[in-house]
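*Asks:* Provided herewith is a single structure, encoded as structure tokens, for subsequent inquiry.
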Amino acid sequence: MNSTTYPITSDKESPAGWKFFLGELKPRGKWLTPFNIISIPIIITGLVLIVIRFWYGLGSVSNVNQEIPWGLWKGFNVVTGVAFAGGAYVLTFIVYILKVDKYHSIVRVTVLNGFLAYMFYAGALVLDLGKPWNIFNPIIGNNFGANSVLFLVAWHFLLYIIAQLIEFSPAIAEWLGSRRIHKILSGMTIGAVIFGITLSTLHQSGLGALFLMAKEKIHPLWYNEFIPILFLVSSVFAGLSMVIFEGSISQRVFSDKISKKHKDERKGIVHTLSKICAFAMFAYLFMQLLVFIHGKHYSLLNTKMGYWYLLEMIGFVLVPMLLYFYSYRNFNLKVSRIAAIITIVGIVLNRLNVSIVAFRWDAAVRYVPSWMEVVVSITIILIQIWIFRWVISRMPVLNEPPKWANNGH
Amino acid sequence: MSINRRDFFKTIGITGMTIIGVNASGSNLSANDKTEFHGILYDSFACVGCQSCEMACAEAHGLPAPEDEIKTGVLRKTSEKQRCVINSYSTPQGDVFVRNQCMHCNEPACVAACLTQAMYKTKEGPVIWREDKCMGCRYCMISCPFDVPKFDYSSTNPKIQKCDMCYDRIIKGEQPVCVEACGVALFYGTRRELIAEARKRIAENPGVYVDEIYGERVAGGTGYLYLSPVAPNEIGFNTTLQNSSYPALTKGFLYSVPSVFVLVPTLLLGIHEATKSNKLKQINEDEDE
């Protein structure tokens, strides 16, 4: 990599600093890519819808109702999205705690992904709040609803975003070329990692614990007192499957950013991640089976919801698990990627089932998201991808950090 | 007026304890507020379905007066514009009226759910919603087993609408407007008094009421209590609800949080230290080369 791309300025910002920022804001490369042509109209529509949502109230855009008050924005963007961001805590655990260096080349991009995911899902949450101007009430002031699971999740969200920012910050320092700040920030990494993993275990399970009080409202095949643990275990393979999937895409899109050495490394990484996924899914499936047997809901299997449940468990957990095992045994990366995609769909299914489909499955008026909700949901993800791309093409995330920063972080 | 030695010491003692705020004798001093939970007893046998409680409620809380009339078999629901409704159910005992509104649970799920303490269980018993604290996340609606809190989706500054047992009137010593407007089927008092009254009615009118006070045990006990000539499932109550407290369902998770916060970082730090030495050696070797 040519390190001249990253101007090495002195510690104090030079007078031309803002010019550097303005220059970095400008797009690089071609404008009229297929991705841009598709995403720009969607984003514009989505932004208009967000304005309408704040101008006329939530009901003007969203189909949520009195019985099913949480719709796509919470069920998909928040509850599902956070599961996919789980790769960050699993990989930081492997790289910084277990010191398995093999995964070092993908840890930065995963943390960046996780950080952006949390930022934007917090954004989705704000859209969904009725009184977003009161969002700081549980953070400041004397309004601590400390016995609320949501209070816990909110705090962990906030703290984890900060922890991830610290984990990623050396890359920002390298981009700006400030060596002294880089040294300080790198020194904070391990603390942020330990704190971040702890927060992750708690809020990944906490998102499941949110539904514990809705005991009679969630279909018995999905409700059980182990939702928090099931959410935590499934976040391991959800996150890693996302890492495999995202890696296979960025390897193509940002091919020029990844060195030959890393490209070869990546094959080995996908190979062993497949194994971790397979075992995590085995543990998850086994727990689901135990929960099912203890719940004694055999008769419910022969209903519409029962078939839906079986589809989720067999088609989207058992099948990808077997595919992962197969891909590991036969060193078949293609099968790994297929398994990753099926797993991702399965996690979307599972989270939406708990939060929307099985939630008040008996309600007279079913919740079906409006097209406007779907567009806003997609808009949030697309903006996230835009920012992801902007960061990737400027900061040393996929490519090697500058020589001076080569200290193992 | 004479005062003997013994009375003198007693007076001194009580005064002293009152000043330092110790209530050793266990008597009802100001430091120990013995306010009991209050509630409302609804006697569905006495209710005639006149809707005057609905009208009074709408007027007292600045809501539009309900226009739809009660029809047997047609389920009316509370909404963001209506805090209470009367429904009529066709049962083996004939048509029975039922009033639906917030149940004012002893251990409310909505209060445990609220992360800003906007939903609040007052010491007098009513569960109230405080607008300035609410952020509109609607987790109370997810958690409430009775589906009570209603959200105004059409507003840019939405409110959660639900019965607050006219808390502003209660603290002034007045009765809730519905109780005042009704006079035959709704009774206000402490929960203890109401249960005693309900028991008395069941005992004195054999064959009129089923021997069950709905609300005495459901969801850990509620402030609203129901007397009815038929079983609760005949008049629209969800009989799958548990009798124990709903917030207790999240207790296990919440209690595990401090342990996780102590144990996980310690474990991680331990593993980190254990694996560090290898790494350091490697680095040193690299530097030696």
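Identifiers in this document derive from the order of the structure tokens: chains are assigned A, B, ..., residues are numbered from 1 separately in each chain, and ligands are numbered from 1 in order of occurrence.
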Apply DSSP to the structure's backbone, then extract all residues of region 126-268 of chain B labelled strand (DSSP E or B) and return them as a PyMOL selection string.
*Replies:* chain B and resi 127-129+150-151+160-161+186-190+214+222+224-227
*Asks:* Can those selected residues be exported to a file as a PDB file, in the first residue's frame so that it contains C-alpha atoms?
*Replies:*
ATOM      1  CA  VAL B 127     -50.735   3.341  38.172  1.00  0.00           C
ATOM      2  CA  ILE B 128     -50.201   6.708  36.505  1.00  0.00           C
ATOM      3  CA  TRP B 129     -48.445   7.871  33.344  1.00  0.00           C
ATOM      4  CA  LYS B 150     -52.969   2.921  24.259  1.00  0.00           C
ATOM      5  CA  PHE B 151     -50.729   5.082  22.090  1.00  0.00           C
ATOM      6  CA  ILE B 160     -50.172   7.084  26.327  1.00  0.00           C
ATOM      7  CA  GLN B 161     -53.840   6.936  27.242  1.00  0.00           C
ATOM      8  CA  LEU B 186     -68.526   0.892  41.261  1.00  0.00           C
ATOM      9  CA  PHE B 187     -67.032   1.233  44.720  1.00  0.00           C
ATOM     10  CA  TYR B 188     -63.850   2.957  45.756  1.00  0.00           C
ATOM     11  CA  GLY B 189     -61.807   2.063  48.842  1.00  0.00           C
ATOM     12  CA  THR B 190     -58.722   0.334  50.061  1.00  0.00           C
ATOM     13  CA  TYR B 214     -61.385 -11.565  39.549  1.00  0.00           C
ATOM     14  CA  THR B 222     -54.906  -5.938  40.811  1.00  0.00           C
ATOM     15  CA  TYR B 224     -59.587  -3.328  40.105  1.00  0.00           C
ATOM     16  CA  LEU B 225     -61.718  -6.155  41.465  1.00  0.00           C
ATOM     17  CA  TYR B 226     -64.636  -7.821  39.715  1.00  0.00           C
ATOM     18  CA  LEU B 227     -67.739  -9.493  41.047  1.00  0.00           C
TER      19      LEU B 227
END
*Asks:* For chain A, list the residues within 8 Å of chain B, counting only C-alpha atoms, and write the list as a PyMOL selection string.
*Replies:* chain A and resi 54-60+65-70+96-99+128-135+137-138+143-151+194-195+198+202+206+209+211-217+225+228
*Asks:* Between A:Val375, A:Tyr284, A:Trp31, A:Val397, which is the closest to Val111 (chain A) once you count only C-alpha atoms?
*Replies:*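 Of the candidates, the smallest distance to Val111 (chain A) is held by A:Val397.
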*Asks:* Give me the residues within 9 Å of Val376 (chain A) as a list in words, counting only C-alpha atoms and dropping any in the same chain fewer than 2 places off.
*Replies:* Ile42, Ile43, Thr45, Gly46, Leu47, Leu49, Ile50, Trp73, Ala124, Trp371, Met372, Glu373, Val374, Ile378, Thr379, Ile380 and Ile381 of chain A
*Asks:* Can you list every residue in region 85-260 of chain B that DSSP puts in helix (DSSP H, G or I), as an mmCIF file with C-alpha atoms, in the first residue's frame?
*Replies:*
data_model
loop_
_atom_site.group_PDB
_atom_site.id
_atom_site.type_symbol
_atom_site.label_atom_id
_atom_site.label_comp_id
_atom_site.auth_asym_id
_atom_site.auth_seq_id
_atom_site.Cartn_x
_atom_site.Cartn_y
_atom_site.Cartn_z
ATOM 1 C CA ALA B 109 -45.631 -5.041 34.256
ATOM 2 C CA CYS B 110 -45.803 -1.623 32.569
ATOM 3 C CA VAL B 111 -44.007 0.026 35.488
ATOM 4 C CA ALA B 112 -41.285 -2.625 35.475
ATOM 5 C CA ALA B 113 -41.009 -2.165 31.717
ATOM 6 C CA TYR B 139 -42.505 -1.146 25.868
ATOM 7 C CA CYS B 140 -45.334 -0.788 28.415
ATOM 8 C CA MET B 141 -47.754 -1.867 25.681
ATOM 9 C CA ILE B 142 -45.600 -4.905 24.888
ATOM 10 C CA SER B 143 -45.487 -5.904 28.547
ATOM 11 C CA TYR B 167 -55.154 10.192 40.741
ATOM 12 C CA ASP B 168 -55.417 13.996 40.962
ATOM 13 C CA ARG B 169 -58.791 13.587 42.700
ATOM 14 C CA ILE B 170 -57.668 10.758 44.960
ATOM 15 C CA VAL B 177 -65.276 10.365 38.644
ATOM 16 C CA CYS B 178 -66.559 6.986 37.419
ATOM 17 C CA VAL B 179 -67.355 5.890 40.972
ATOM 18 C CA GLU B 180 -69.073 9.189 41.659
ATOM 19 C CA ALA B 181 -71.070 9.032 38.418
ATOM 20 C CA CYS B 182 -72.119 5.429 38.918
ATOM 21 C CA ARG B 191 -58.081 -2.985 48.414
ATOM 22 C CA ARG B 192 -58.493 -4.721 51.747
ATOM 23 C CA GLU B 193 -61.936 -3.169 52.350
ATOM 24 C CA LEU B 194 -63.069 -3.951 48.809
ATOM 25 C CA ILE B 195 -62.116 -7.629 49.046
ATOM 26 C CA ALA B 196 -63.979 -7.859 52.354
ATOM 27 C CA GLU B 197 -67.016 -6.191 50.785
ATOM 28 C CA ALA B 198 -66.867 -8.506 47.772
ATOM 29 C CA ARG B 199 -66.662 -11.579 50.018
ATOM 30 C CA LYS B 200 -69.620 -10.313 51.999
ATOM 31 C CA ARG B 201 -71.686 -9.892 48.807
ATOM 32 C CA ILE B 202 -70.799 -13.380 47.603
ATOM 33 C CA ALA B 203 -71.748 -14.873 50.990
ATOM 34 C CA GLU B 204 -74.966 -12.909 51.359
ATOM 35 C CA VAL B 218 -54.481 -12.541 38.689
ATOM 36 C CA ALA B 219 -51.123 -10.988 37.719
ATOM 37 C CA GLY B 220 -50.153 -10.852 41.367
ATOM 38 C CA PRO B 232 -64.173 -14.717 34.117
ATOM 39 C CA ASN B 233 -63.661 -16.548 30.810
ATOM 40 C CA GLU B 234 -67.351 -15.982 29.943
ATOM 41 C CA ILE B 235 -66.925 -12.241 30.044
ATOM 42 C CA PRO B 247 -42.178 -8.204 36.675
ATOM 43 C CA ALA B 248 -40.882 -11.340 38.428
ATOM 44 C CA LEU B 249 -40.430 -12.880 34.982
ATOM 45 C CA THR B 250 -37.487 -10.578 34.288
ATOM 46 C CA LYS B 251 -36.038 -10.859 37.774
ATOM 47 C CA GLY B 252 -33.715 -13.746 36.964
ATOM 48 C CA PHE B 253 -32.229 -11.891 34.040
ATOM 49 C CA LEU B 254 -31.843 -8.615 35.905
ATOM 50 C CA TYR B 255 -30.277 -10.312 38.918
ATOM 51 C CA SER B 256 -27.697 -11.989 36.701
ATOM 52 C CA VAL B 257 -26.453 -8.628 35.411
ATOM 53 C CA PRO B 258 -24.228 -7.673 38.379
ATOM 54 C CA SER B 259 -22.664 -11.130 38.449
ATOM 55 C CA VAL B 260 -21.971 -10.977 34.722
#
*Asks:* Which distance in Å separates CA of Glu124 (chain B) and CA of His104 (chain B), to one decimal?
*Replies:* 10.7 Å
*Asks:* Using only C-alpha atoms, pick whichever of A:Arg179, A:Ala405, A:Lys102, A:Leu301 has the shortest atom-to-atom distance to His271 (chain A).
*Replies:* A:Lys102
*Asks:* Taking only C-alpha atoms into account, name the residue in A:Lys403, A:Arg351, A:His203, A:Lys267 that is nearest to Arg337 (chain A).
*Replies:*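 The closest residue to Arg337 (chain A) is A:Lys267.
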*Asks:* Report as a list in words all protein, DNA and RNA residues lying within 12 Å of Pro220 (chain A), evaluated on only C-alpha atoms, omitting residues in the same chain fewer than 6 positions from it.
*Replies:*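 My reading of the contact set: Leu212, Ala214, Ile227, Val291, Phe292, His294, Gly295, Lys296, His297, Tyr298, Ser299, Leu300, Leu301, Met305, Gly306, Tyr309, Asn353, Val354, Ala358, Phe359, Arg360, Trp361 and Asp362 of chain A; Thr240 of chain B.
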